[in-house]
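Structure file query_14.cif (mmCIF, C-alpha atoms) is printed below.
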```cif
data_work
#
loop_
_atom_site.group_PDB
_atom_site.id
_atom_site.type_symbol
_atom_site.label_atom_id
_atom_site.label_comp_id
_atom_site.auth_asym_id
_atom_site.auth_seq_id
_atom_site.Cartn_x
_atom_site.Cartn_y
_atom_site.Cartn_z
ATOM 1 C CA GLU A 1349 0.000 0.000 0.000
ATOM 2 C CA ALA A 1350 1.436 3.355 -1.002
ATOM 3 C CA GLY A 1351 1.863 5.871 1.789
ATOM 4 C CA VAL A 1352 0.958 9.532 1.998
ATOM 5 C CA ALA A 1353 2.814 11.476 -0.689
ATOM 6 C CA GLN A 1354 3.904 15.071 -0.354
ATOM 7 C CA SER A 1355 5.766 17.476 -2.584
ATOM 8 C CA PRO A 1356 8.017 19.281 -2.677
ATOM 9 C CA ARG A 1357 10.215 17.831 0.069
ATOM 10 C CA TYR A 1358 12.124 21.077 0.533
ATOM 11 C CA LYS A 1359 11.389 24.692 -0.326
ATOM 12 C CA ILE A 1360 13.334 27.861 0.306
ATOM 13 C CA ILE A 1361 11.656 31.207 -0.327
ATOM 14 C CA GLU A 1362 12.036 34.806 0.708
ATOM 15 C CA LYS A 1363 9.573 36.496 3.025
ATOM 16 C CA ARG A 1364 6.495 37.914 1.325
ATOM 17 C CA GLN A 1365 6.691 35.289 -1.427
ATOM 18 C CA SER A 1366 4.014 32.655 -1.972
ATOM 19 C CA VAL A 1367 4.364 28.894 -1.709
ATOM 20 C CA ALA A 1368 2.133 25.868 -2.204
ATOM 21 C CA PHE A 1369 2.395 22.321 -0.903
ATOM 22 C CA TRP A 1370 0.688 19.259 -2.282
ATOM 23 C CA CYS A 1371 -0.517 16.106 -0.550
ATOM 24 C CA ASN A 1372 -1.891 12.844 -1.901
ATOM 25 C CA PRO A 1373 -3.355 10.734 0.921
ATOM 26 C CA ILE A 1374 -3.552 6.976 1.109
ATOM 27 C CA SER A 1375 -6.229 5.722 -1.253
ATOM 28 C CA GLY A 1376 -9.625 5.506 0.405
ATOM 29 C CA HIS A 1377 -8.760 7.611 3.431
ATOM 30 C CA ALA A 1378 -11.592 10.060 3.989
ATOM 31 C CA THR A 1379 -9.907 12.288 6.554
ATOM 32 C CA LEU A 1380 -6.909 14.469 5.727
ATOM 33 C CA TYR A 1381 -4.912 16.716 8.043
ATOM 34 C CA TRP A 1382 -2.314 19.420 7.584
ATOM 35 C CA TYR A 1383 0.078 20.029 10.486
ATOM 36 C CA GLN A 1384 2.811 22.573 11.073
ATOM 37 C CA GLN A 1385 5.836 21.335 13.014
ATOM 38 C CA ILE A 1386 8.300 23.962 14.158
ATOM 39 C CA LEU A 1387 11.751 22.689 15.102
ATOM 40 C CA GLY A 1388 11.755 21.210 18.590
ATOM 41 C CA GLN A 1389 7.972 21.165 18.885
ATOM 42 C CA GLY A 1390 5.210 18.665 18.255
ATOM 43 C CA PRO A 1391 2.960 18.908 15.194
ATOM 44 C CA LYS A 1392 0.226 21.533 15.433
ATOM 45 C CA LEU A 1393 -3.006 20.967 13.532
ATOM 46 C CA LEU A 1394 -3.727 23.584 10.884
ATOM 47 C CA ILE A 1395 -6.754 22.118 9.131
ATOM 48 C CA GLN A 1396 -8.764 18.904 9.009
ATOM 49 C CA PHE A 1397 -10.828 17.738 6.032
ATOM 50 C CA GLN A 1398 -13.499 15.050 5.982
ATOM 51 C CA ASN A 1399 -13.770 14.109 2.293
ATOM 52 C CA ASN A 1400 -13.759 17.565 0.675
ATOM 53 C CA GLY A 1401 -15.363 19.439 3.577
ATOM 54 C CA VAL A 1402 -13.512 21.368 6.277
ATOM 55 C CA VAL A 1403 -14.035 19.950 9.781
ATOM 56 C CA ASP A 1404 -11.663 22.193 11.725
ATOM 57 C CA ASP A 1405 -9.606 25.159 10.589
ATOM 58 C CA SER A 1406 -9.609 27.025 13.881
ATOM 59 C CA GLN A 1407 -5.795 27.176 14.047
ATOM 60 C CA LEU A 1408 -5.223 28.112 10.409
ATOM 61 C CA PRO A 1409 -3.977 31.716 10.035
ATOM 62 C CA LYS A 1410 -6.562 32.543 7.436
ATOM 63 C CA ASP A 1411 -5.101 35.916 6.555
ATOM 64 C CA ARG A 1412 -2.199 34.145 4.851
ATOM 65 C CA PHE A 1413 -2.882 30.398 4.793
ATOM 66 C CA SER A 1414 -5.442 28.607 2.648
ATOM 67 C CA ALA A 1415 -6.122 24.961 1.906
ATOM 68 C CA GLU A 1416 -8.418 23.008 -0.314
ATOM 69 C CA ARG A 1417 -9.204 19.399 -1.020
ATOM 70 C CA LEU A 1418 -10.862 19.107 -4.368
ATOM 71 C CA LYS A 1419 -12.864 15.945 -5.092
ATOM 72 C CA GLY A 1420 -12.040 14.663 -1.619
ATOM 73 C CA VAL A 1421 -8.638 13.261 -2.586
ATOM 74 C CA ASP A 1422 -5.545 15.459 -3.101
ATOM 75 C CA SER A 1423 -5.042 18.594 -1.082
ATOM 76 C CA THR A 1424 -2.995 21.765 -1.416
ATOM 77 C CA LEU A 1425 -1.871 24.150 1.314
ATOM 78 C CA LYS A 1426 -0.858 27.663 0.310
ATOM 79 C CA ILE A 1427 0.906 30.450 2.166
ATOM 80 C CA GLN A 1428 0.647 33.957 0.751
ATOM 81 C CA PRO A 1429 2.610 35.971 1.750
ATOM 82 C CA ALA A 1430 5.114 33.974 3.793
ATOM 83 C CA LYS A 1431 6.686 35.275 6.998
ATOM 84 C CA LEU A 1432 9.908 34.254 8.691
ATOM 85 C CA GLU A 1433 7.962 32.456 11.433
ATOM 86 C CA ASP A 1434 6.386 30.150 8.844
ATOM 87 C CA SER A 1435 9.675 28.249 8.610
ATOM 88 C CA ALA A 1436 8.696 24.738 9.645
ATOM 89 C CA VAL A 1437 7.942 21.255 8.377
ATOM 90 C CA TYR A 1438 4.439 20.926 6.952
ATOM 91 C CA LEU A 1439 3.086 17.440 7.484
ATOM 92 C CA CYS A 1440 0.106 15.900 5.777
ATOM 93 C CA ALA A 1441 -1.640 12.931 7.365
ATOM 94 C CA SER A 1442 -4.599 10.789 6.398
ATOM 95 C CA GLU A 1443 -6.864 8.500 8.360
ATOM 96 C CA PRO A 1444 -9.215 5.720 7.272
ATOM 97 C CA GLU A 1445 -12.739 5.499 8.595
ATOM 98 C CA THR A 1446 -12.090 2.021 10.016
ATOM 99 C CA THR A 1447 -9.310 2.920 12.476
ATOM 100 C CA ASP A 1448 -8.238 5.816 14.646
ATOM 101 C CA THR A 1449 -4.664 5.964 13.396
ATOM 102 C CA GLN A 1450 -3.243 8.799 11.350
ATOM 103 C CA TYR A 1451 -0.595 8.052 8.740
ATOM 104 C CA PHE A 1452 1.880 10.801 8.019
ATOM 105 C CA GLY A 1453 3.630 11.811 4.843
ATOM 106 C CA PRO A 1454 7.352 12.696 4.747
ATOM 107 C CA GLY A 1455 6.613 16.408 5.089
ATOM 108 C CA THR A 1456 7.749 19.552 3.299
ATOM 109 C CA ARG A 1457 10.526 21.489 4.980
ATOM 110 C CA LEU A 1458 9.954 25.214 4.362
ATOM 111 C CA THR A 1459 12.643 27.797 4.999
ATOM 112 C CA VAL A 1460 11.647 31.451 4.772
ATOM 113 C CA LEU A 1461 14.586 33.852 4.451
ATOM 114 C CA GLY B 281 -7.545 24.197 28.409
ATOM 115 C CA GLN B 282 -5.456 21.520 26.790
ATOM 116 C CA ASN B 283 -1.944 20.688 27.944
ATOM 117 C CA ILE B 284 0.453 17.822 27.307
ATOM 118 C CA ASP B 285 3.755 17.519 29.159
ATOM 119 C CA GLN B 286 6.641 15.166 28.494
ATOM 120 C CA PRO B 287 10.364 15.419 29.237
ATOM 121 C CA THR B 288 12.404 17.215 26.617
ATOM 122 C CA GLU B 289 15.343 14.832 26.493
ATOM 123 C CA MET B 290 16.402 11.448 27.838
ATOM 124 C CA THR B 291 19.476 9.289 27.423
ATOM 125 C CA ALA B 292 19.805 5.547 27.866
ATOM 126 C CA THR B 293 22.223 2.720 27.214
ATOM 127 C CA GLU B 294 21.874 0.100 24.500
ATOM 128 C CA GLY B 295 20.143 -2.995 25.878
ATOM 129 C CA ALA B 296 18.553 -1.128 28.787
ATOM 130 C CA ILE B 297 14.937 -0.189 29.510
ATOM 131 C CA VAL B 298 13.624 3.380 29.365
ATOM 132 C CA GLN B 299 10.270 4.842 30.385
ATOM 133 C CA ILE B 300 8.998 8.068 28.807
ATOM 134 C CA ASN B 301 6.225 9.744 30.774
ATOM 135 C CA CYS B 302 3.401 11.930 29.520
ATOM 136 C CA THR B 303 0.836 13.866 31.520
ATOM 137 C CA TYR B 304 -2.129 15.550 29.936
ATOM 138 C CA GLN B 305 -5.131 17.759 30.586
ATOM 139 C CA THR B 306 -7.982 17.813 28.095
ATOM 140 C CA SER B 307 -11.717 18.295 28.348
ATOM 141 C CA GLY B 308 -12.790 15.597 25.909
ATOM 142 C CA PHE B 309 -10.245 12.794 26.269
ATOM 143 C CA ASN B 310 -10.849 10.098 23.682
ATOM 144 C CA GLY B 311 -7.601 8.142 23.500
ATOM 145 C CA LEU B 312 -3.840 8.552 23.639
ATOM 146 C CA PHE B 313 -1.262 7.801 20.962
ATOM 147 C CA TRP B 314 2.489 7.419 20.930
ATOM 148 C CA TYR B 315 4.401 8.203 17.751
ATOM 149 C CA GLN B 316 8.095 7.778 16.941
ATOM 150 C CA GLN B 317 9.814 10.411 14.834
ATOM 151 C CA HIS B 318 13.369 10.043 13.566
ATOM 152 C CA ALA B 319 15.165 13.263 12.728
ATOM 153 C CA GLY B 320 13.960 14.665 9.416
ATOM 154 C CA GLU B 321 11.275 12.019 9.011
ATOM 155 C CA ALA B 322 7.527 11.757 9.502
ATOM 156 C CA PRO B 323 5.995 10.487 12.734
ATOM 157 C CA THR B 324 5.142 6.785 12.690
ATOM 158 C CA PHE B 325 2.473 5.169 14.843
ATOM 159 C CA LEU B 326 3.625 3.117 17.841
ATOM 160 C CA SER B 327 0.666 2.571 20.136
ATOM 161 C CA TYR B 328 -2.854 3.567 21.084
ATOM 162 C CA ASN B 329 -4.562 3.429 24.486
ATOM 163 C CA VAL B 330 -8.147 4.348 25.192
ATOM 164 C CA LEU B 331 -8.774 2.212 28.296
ATOM 165 C CA ASP B 332 -6.717 2.064 31.465
ATOM 166 C CA GLY B 333 -3.916 -0.444 31.545
ATOM 167 C CA LEU B 334 -0.926 -1.713 29.657
ATOM 168 C CA GLU B 335 -0.738 -2.439 25.943
ATOM 169 C CA GLU B 336 2.257 -4.505 24.892
ATOM 170 C CA LYS B 337 3.627 -4.723 21.379
ATOM 171 C CA GLY B 338 7.010 -6.399 21.086
ATOM 172 C CA ARG B 339 9.720 -4.305 22.726
ATOM 173 C CA PHE B 340 7.334 -1.386 23.196
ATOM 174 C CA SER B 341 4.574 -1.082 25.807
ATOM 175 C CA SER B 342 2.260 1.804 26.616
ATOM 176 C CA PHE B 343 0.330 2.426 29.805
ATOM 177 C CA LEU B 344 -2.633 4.693 30.471
ATOM 178 C CA SER B 345 -4.321 5.953 33.633
ATOM 179 C CA ARG B 346 -7.250 8.185 32.702
ATOM 180 C CA SER B 347 -7.998 9.189 36.291
ATOM 181 C CA LYS B 348 -4.447 10.495 36.696
ATOM 182 C CA GLY B 349 -4.127 11.962 33.204
ATOM 183 C CA TYR B 350 -0.951 9.955 32.794
ATOM 184 C CA SER B 351 0.649 7.666 30.260
ATOM 185 C CA TYR B 352 4.061 6.173 29.715
ATOM 186 C CA LEU B 353 5.876 4.482 26.870
ATOM 187 C CA LEU B 354 8.233 1.691 27.891
ATOM 188 C CA LEU B 355 11.014 0.645 25.557
ATOM 189 C CA LYS B 356 12.864 -2.573 26.359
ATOM 190 C CA GLU B 357 16.131 -3.984 25.011
ATOM 191 C CA LEU B 358 17.063 -0.621 23.605
ATOM 192 C CA GLN B 359 18.774 -0.509 20.237
ATOM 193 C CA MET B 360 20.732 2.301 18.635
ATOM 194 C CA LYS B 361 17.956 2.720 16.063
ATOM 195 C CA ASP B 362 15.562 3.671 18.881
ATOM 196 C CA SER B 363 17.290 7.048 19.049
ATOM 197 C CA ALA B 364 14.431 9.339 17.995
ATOM 198 C CA SER B 365 11.793 11.708 19.304
ATOM 199 C CA TYR B 366 8.747 10.152 20.935
ATOM 200 C CA LEU B 367 5.547 12.126 20.646
ATOM 201 C CA CYS B 368 2.653 11.752 23.057
ATOM 202 C CA ALA B 369 -0.637 12.768 21.403
ATOM 203 C CA VAL B 370 -4.076 12.999 22.961
ATOM 204 C CA ARG B 371 -7.239 12.668 20.930
ATOM 205 C CA ASP B 372 -9.655 15.299 22.111
ATOM 206 C CA TYR B 373 -13.335 15.164 21.272
ATOM 207 C CA ASP B 374 -14.726 18.652 20.850
ATOM 208 C CA ARG B 375 -17.707 20.120 19.005
ATOM 209 C CA GLY B 376 -18.603 16.848 17.340
ATOM 210 C CA TYR B 377 -15.236 15.666 16.063
ATOM 211 C CA ASN B 378 -11.879 14.307 17.212
ATOM 212 C CA LYS B 379 -8.543 16.017 16.840
ATOM 213 C CA LEU B 380 -5.030 15.056 17.888
ATOM 214 C CA ILE B 381 -3.084 17.328 20.193
ATOM 215 C CA PHE B 382 0.629 16.589 20.290
ATOM 216 C CA GLY B 383 3.144 17.130 23.035
ATOM 217 C CA ALA B 384 6.504 18.675 22.167
ATOM 218 C CA GLY B 385 8.147 15.260 22.091
ATOM 219 C CA THR B 386 10.893 13.561 24.070
ATOM 220 C CA ARG B 387 14.227 13.252 22.315
ATOM 221 C CA LEU B 388 15.791 9.913 23.261
ATOM 222 C CA ALA B 389 19.483 9.277 22.703
ATOM 223 C CA VAL B 390 20.647 5.655 22.967
ATOM 224 C CA HIS B 391 24.378 5.227 23.417
ATOM 225 C CA PRO B 392 26.562 2.098 23.379
#
```
Here is a file; write its structure as structure tokens.
Amino acid sequence: EAGVAQSPRYKIIEKRQSVAFWCNPISGHATLYWYQQILGQGPKLLIQFQNNGVVDDSQLPKDRFSAERLKGVDSTLKIQPAKLEDSAVYLCASEPETTDTQYFGPGTRLTVL
Amino acid sequence: GQNIDQPTEMTATEGAIVQINCTYQTSGFNGLFWYQQHAGEAPTFLSYNVLDGLEEKGRFSSFLSRSKGYSYLLLKELQMKDSASYLCAVRDYDRGYNKLIFGAGTRLAVHP
């Protein structure tokens, strides 16, 4: 079974630029999560999708971050414009309806200069 | 509010046993997870507890006491490859859905 795919793996941008991350969850997983993990900290939930609907985006900085999950499969997370404090690893995870376990992708390491 | 505490760092010797503690405070506790995360990699699932008691899976065991808001992860027969961060995560049920809240992680260094 293929795991959660994310791209790019690494991205370096300057502040005020825009960036987008892509995630392809495990086939059949209805729930998809985006997390932000700052160095030395645990993952922090940004947004949770159930199929293509948003369940929780209470911690998403909506003035600069946006996310969508078209057709309930792939998802993109966008930051526009980026700030220095957005430097982090952005993790995507998916979860099947049959279990309570989230499966994580390899993450995208973002550096904002 | 929600709070998860675990030690920042631990060291242990190859072949030994180590216990990583986690205490939590949440309003809608609905299970506790332990994840392993090697440097630069994604977290991988280790264990899940929703009822009190010990869950054993090979060299790894996890314990939960809901009344005390306490869990631990026990690693036996430590190997060098066990050097990683161990994340305690609580599933919190709020406003009709579950979400995972992660602790900051415990960085374990196993030395010969």
Practice item. I need the residue set behind the PyMOL selection byres ((chain A) within 12 of (chain B)) for this file; please write it as a PyMOL selection string. Key: chain A and resi 1351-1354+1357-1358+1379-1398+1402-1407+1436-1441+1443+1447-1457
Those selected residues, please, written with C-alpha atoms and delivered as a short mmCIF file (atom, residue, chain, number, x, y, z; two decimals), in the frame of the given file.
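selection33.cif, written as the output of this step:
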```cif
data_model
loop_
_atom_site.label_atom_id
_atom_site.label_comp_id
_atom_site.auth_asym_id
_atom_site.auth_seq_id
_atom_site.Cartn_x
_atom_site.Cartn_y
_atom_site.Cartn_z
CA GLY A 1351 1.86 5.87 1.79
CA VAL A 1352 0.96 9.53 2.00
CA ALA A 1353 2.81 11.48 -0.69
CA GLN A 1354 3.90 15.07 -0.35
CA ARG A 1357 10.22 17.83 0.07
CA TYR A 1358 12.12 21.08 0.53
CA THR A 1379 -9.91 12.29 6.55
CA LEU A 1380 -6.91 14.47 5.73
CA TYR A 1381 -4.91 16.72 8.04
CA TRP A 1382 -2.31 19.42 7.58
CA TYR A 1383 0.08 20.03 10.49
CA GLN A 1384 2.81 22.57 11.07
CA GLN A 1385 5.84 21.34 13.01
CA ILE A 1386 8.30 23.96 14.16
CA LEU A 1387 11.75 22.69 15.10
CA GLY A 1388 11.76 21.21 18.59
CA GLN A 1389 7.97 21.16 18.89
CA GLY A 1390 5.21 18.66 18.26
CA PRO A 1391 2.96 18.91 15.19
CA LYS A 1392 0.23 21.53 15.43
CA LEU A 1393 -3.01 20.97 13.53
CA LEU A 1394 -3.73 23.58 10.88
CA ILE A 1395 -6.75 22.12 9.13
CA GLN A 1396 -8.76 18.90 9.01
CA PHE A 1397 -10.83 17.74 6.03
CA GLN A 1398 -13.50 15.05 5.98
CA VAL A 1402 -13.51 21.37 6.28
CA VAL A 1403 -14.04 19.95 9.78
CA ASP A 1404 -11.66 22.19 11.72
CA ASP A 1405 -9.61 25.16 10.59
CA SER A 1406 -9.61 27.02 13.88
CA GLN A 1407 -5.80 27.18 14.05
CA ALA A 1436 8.70 24.74 9.64
CA VAL A 1437 7.94 21.26 8.38
CA TYR A 1438 4.44 20.93 6.95
CA LEU A 1439 3.09 17.44 7.48
CA CYS A 1440 0.11 15.90 5.78
CA ALA A 1441 -1.64 12.93 7.36
CA GLU A 1443 -6.86 8.50 8.36
CA THR A 1447 -9.31 2.92 12.48
CA ASP A 1448 -8.24 5.82 14.65
CA THR A 1449 -4.66 5.96 13.40
CA GLN A 1450 -3.24 8.80 11.35
CA TYR A 1451 -0.60 8.05 8.74
CA PHE A 1452 1.88 10.80 8.02
CA GLY A 1453 3.63 11.81 4.84
CA PRO A 1454 7.35 12.70 4.75
CA GLY A 1455 6.61 16.41 5.09
CA THR A 1456 7.75 19.55 3.30
CA ARG A 1457 10.53 21.49 4.98
#
```
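Under the PyMOL selection byres ((chain A and resi 1418-1421) around 8), the matching residues in the shown file are Asn1372, Pro1373, Ala1378, Gln1398, Asn1399, Asn1400, Gly1401, Glu1416, Arg1417, Asp1422 and Ser1423 of chain A.
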Residues within 6 Å of region 334-351 of chain B, only C-alpha atoms, excluding chain neighbours under 5 positions, as a PDB file with C-alpha atoms, in the coordinates of the input:
```pdb
ATOM      1  CA  ASN B 301       6.225   9.744  30.774  1.00  0.00           C
ATOM      2  CA  CYS B 302       3.401  11.930  29.520  1.00  0.00           C
ATOM      3  CA  THR B 303       0.836  13.866  31.520  1.00  0.00           C
ATOM      4  CA  TYR B 304      -2.129  15.550  29.936  1.00  0.00           C
ATOM      5  CA  LYS B 356      12.864  -2.573  26.359  1.00  0.00           C
TER       6      LYS B 356
END
```
Review point. If you measure from CA of Trp1370 (chain A) to CA of Ala1430 (chain A), what distance in Å do you get, rounded to one decimal?
Key: 16.5 Å
Given the file shown, determine the residues that the PyMOL selection byres ((chain B and resi 292) around 9) selects; report them as a PDB file with C-alpha atoms, in the coordinates of the input.
```
ATOM      1  CA  MET B 290      16.402  11.448  27.838  1.00  0.00           C
ATOM      2  CA  THR B 291      19.476   9.289  27.423  1.00  0.00           C
ATOM      3  CA  THR B 293      22.223   2.720  27.214  1.00  0.00           C
ATOM      4  CA  GLU B 294      21.874   0.100  24.500  1.00  0.00           C
ATOM      5  CA  GLY B 295      20.143  -2.995  25.878  1.00  0.00           C
ATOM      6  CA  ALA B 296      18.553  -1.128  28.787  1.00  0.00           C
ATOM      7  CA  ILE B 297      14.937  -0.189  29.510  1.00  0.00           C
ATOM      8  CA  VAL B 298      13.624   3.380  29.365  1.00  0.00           C
ATOM      9  CA  LEU B 358      17.063  -0.621  23.605  1.00  0.00           C
ATOM     10  CA  LEU B 388      15.791   9.913  23.261  1.00  0.00           C
ATOM     11  CA  ALA B 389      19.483   9.277  22.703  1.00  0.00           C
ATOM     12  CA  VAL B 390      20.647   5.655  22.967  1.00  0.00           C
ATOM     13  CA  HIS B 391      24.378   5.227  23.417  1.00  0.00           C
ATOM     14  CA  PRO B 392      26.562   2.098  23.379  1.00  0.00           C
TER      15      PRO B 392
END
```
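From CA of Glu1445 (chain A) back to CA of Gln305 (chain B), the distance works out to 26.3 Å.
Pairwise distance (CA of Ser363 (chain B), CA of Asp285 (chain B)) equals 19.9 Å.
Across A:Phe1369, A:Val1460, A:Arg1364, A:Ile1374, the tightest approach to Leu1425 (chain A) is made by A:Phe1369 when counting only C-alpha atoms.
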Exercise for review: List the residues sitting within 7 Å of (5.1, 33.4, 0.4) in the file's frame, using only C-alpha atoms, as a PyMOL selection string.
Suggested key: chain A and resi 1361+1363-1367+1427-1430
**Study point:** Contacts of Leu1461 (chain A) at 9 Å (only C-alpha atoms; same-chain gap of 5+ positions) as a ChimeraX atom specification
**Key:** /A:1360-1363,1431-1432,1435
Write region 343-365 of chain B as an mmCIF file, in the frame of the given file, completed to N, CA and C atoms.
```cif
data_model
loop_
_atom_site.group_PDB
_atom_site.id
_atom_site.type_symbol
_atom_site.label_atom_id
_atom_site.label_comp_id
_atom_site.auth_asym_id
_atom_site.auth_seq_id
_atom_site.Cartn_x
_atom_site.Cartn_y
_atom_site.Cartn_z
ATOM 1 N N PHE B 343 1.224 2.506 28.647
ATOM 2 C CA PHE B 343 0.330 2.426 29.805
ATOM 3 C C PHE B 343 -0.501 3.697 29.868
ATOM 4 N N LEU B 344 -1.742 3.546 30.318
ATOM 5 C CA LEU B 344 -2.633 4.693 30.471
ATOM 6 C C LEU B 344 -3.376 4.627 31.794
ATOM 7 N N SER B 345 -3.438 5.773 32.482
ATOM 8 C CA SER B 345 -4.321 5.953 33.633
ATOM 9 C C SER B 345 -5.143 7.216 33.375
ATOM 10 N N ARG B 346 -6.395 7.038 33.022
ATOM 11 C CA ARG B 346 -7.250 8.185 32.702
ATOM 12 C C ARG B 346 -7.541 9.051 33.922
ATOM 13 N N SER B 347 -7.687 8.414 35.086
ATOM 14 C CA SER B 347 -7.998 9.189 36.291
ATOM 15 C C SER B 347 -6.841 10.107 36.683
ATOM 16 N N LYS B 348 -5.622 9.692 36.350
ATOM 17 C CA LYS B 348 -4.447 10.495 36.696
ATOM 18 C C LYS B 348 -3.975 11.362 35.529
ATOM 19 N N GLY B 349 -4.580 11.201 34.367
ATOM 20 C CA GLY B 349 -4.127 11.962 33.204
ATOM 21 C C GLY B 349 -2.673 11.652 32.883
ATOM 22 N N TYR B 350 -2.356 10.378 32.847
ATOM 23 C CA TYR B 350 -0.951 9.955 32.794
ATOM 24 C C TYR B 350 -0.790 8.757 31.866
ATOM 25 N N SER B 351 0.290 8.791 31.105
ATOM 26 C CA SER B 351 0.649 7.666 30.260
ATOM 27 C C SER B 351 2.161 7.516 30.274
ATOM 28 N N TYR B 352 2.635 6.335 29.978
ATOM 29 C CA TYR B 352 4.061 6.173 29.715
ATOM 30 C C TYR B 352 4.273 5.198 28.576
ATOM 31 N N LEU B 353 5.411 5.388 27.916
ATOM 32 C CA LEU B 353 5.876 4.482 26.870
ATOM 33 C C LEU B 353 7.112 3.788 27.409
ATOM 34 N N LEU B 354 7.114 2.481 27.376
ATOM 35 C CA LEU B 354 8.233 1.691 27.891
ATOM 36 C C LEU B 354 8.942 1.026 26.724
ATOM 37 N N LEU B 355 10.220 1.254 26.612
ATOM 38 C CA LEU B 355 11.014 0.645 25.557
ATOM 39 C C LEU B 355 12.020 -0.303 26.198
ATOM 40 N N LYS B 356 11.968 -1.569 25.797
ATOM 41 C CA LYS B 356 12.864 -2.573 26.359
ATOM 42 C C LYS B 356 13.952 -2.928 25.354
ATOM 43 N N GLU B 357 15.028 -3.506 25.870
ATOM 44 C CA GLU B 357 16.131 -3.984 25.011
ATOM 45 C C GLU B 357 16.499 -2.929 23.976
ATOM 46 N N LEU B 358 16.819 -1.759 24.477
ATOM 47 C CA LEU B 358 17.063 -0.621 23.605
ATOM 48 C C LEU B 358 18.124 -0.920 22.541
ATOM 49 N N GLN B 359 17.835 -0.396 21.346
ATOM 50 C CA GLN B 359 18.774 -0.509 20.237
ATOM 51 C C GLN B 359 19.146 0.896 19.784
ATOM 52 N N MET B 360 20.272 0.984 19.098
ATOM 53 C CA MET B 360 20.732 2.301 18.635
ATOM 54 C C MET B 360 19.664 2.959 17.751
ATOM 55 N N LYS B 361 18.949 2.160 16.981
ATOM 56 C CA LYS B 361 17.956 2.720 16.063
ATOM 57 C C LYS B 361 16.743 3.315 16.786
ATOM 58 N N ASP B 362 16.655 3.080 18.106
ATOM 59 C CA ASP B 362 15.562 3.671 18.881
ATOM 60 C C ASP B 362 15.816 5.141 19.198
ATOM 61 N N SER B 363 17.008 5.624 18.873
ATOM 62 C CA SER B 363 17.290 7.048 19.049
ATOM 63 C C SER B 363 16.360 7.842 18.139
ATOM 64 N N ALA B 364 15.470 8.629 18.744
ATOM 65 C CA ALA B 364 14.431 9.339 17.995
ATOM 66 C C ALA B 364 13.671 10.220 18.972
ATOM 67 N N SER B 365 12.737 10.987 18.443
ATOM 68 C CA SER B 365 11.793 11.708 19.304
ATOM 69 C C SER B 365 10.532 10.873 19.453
#
```
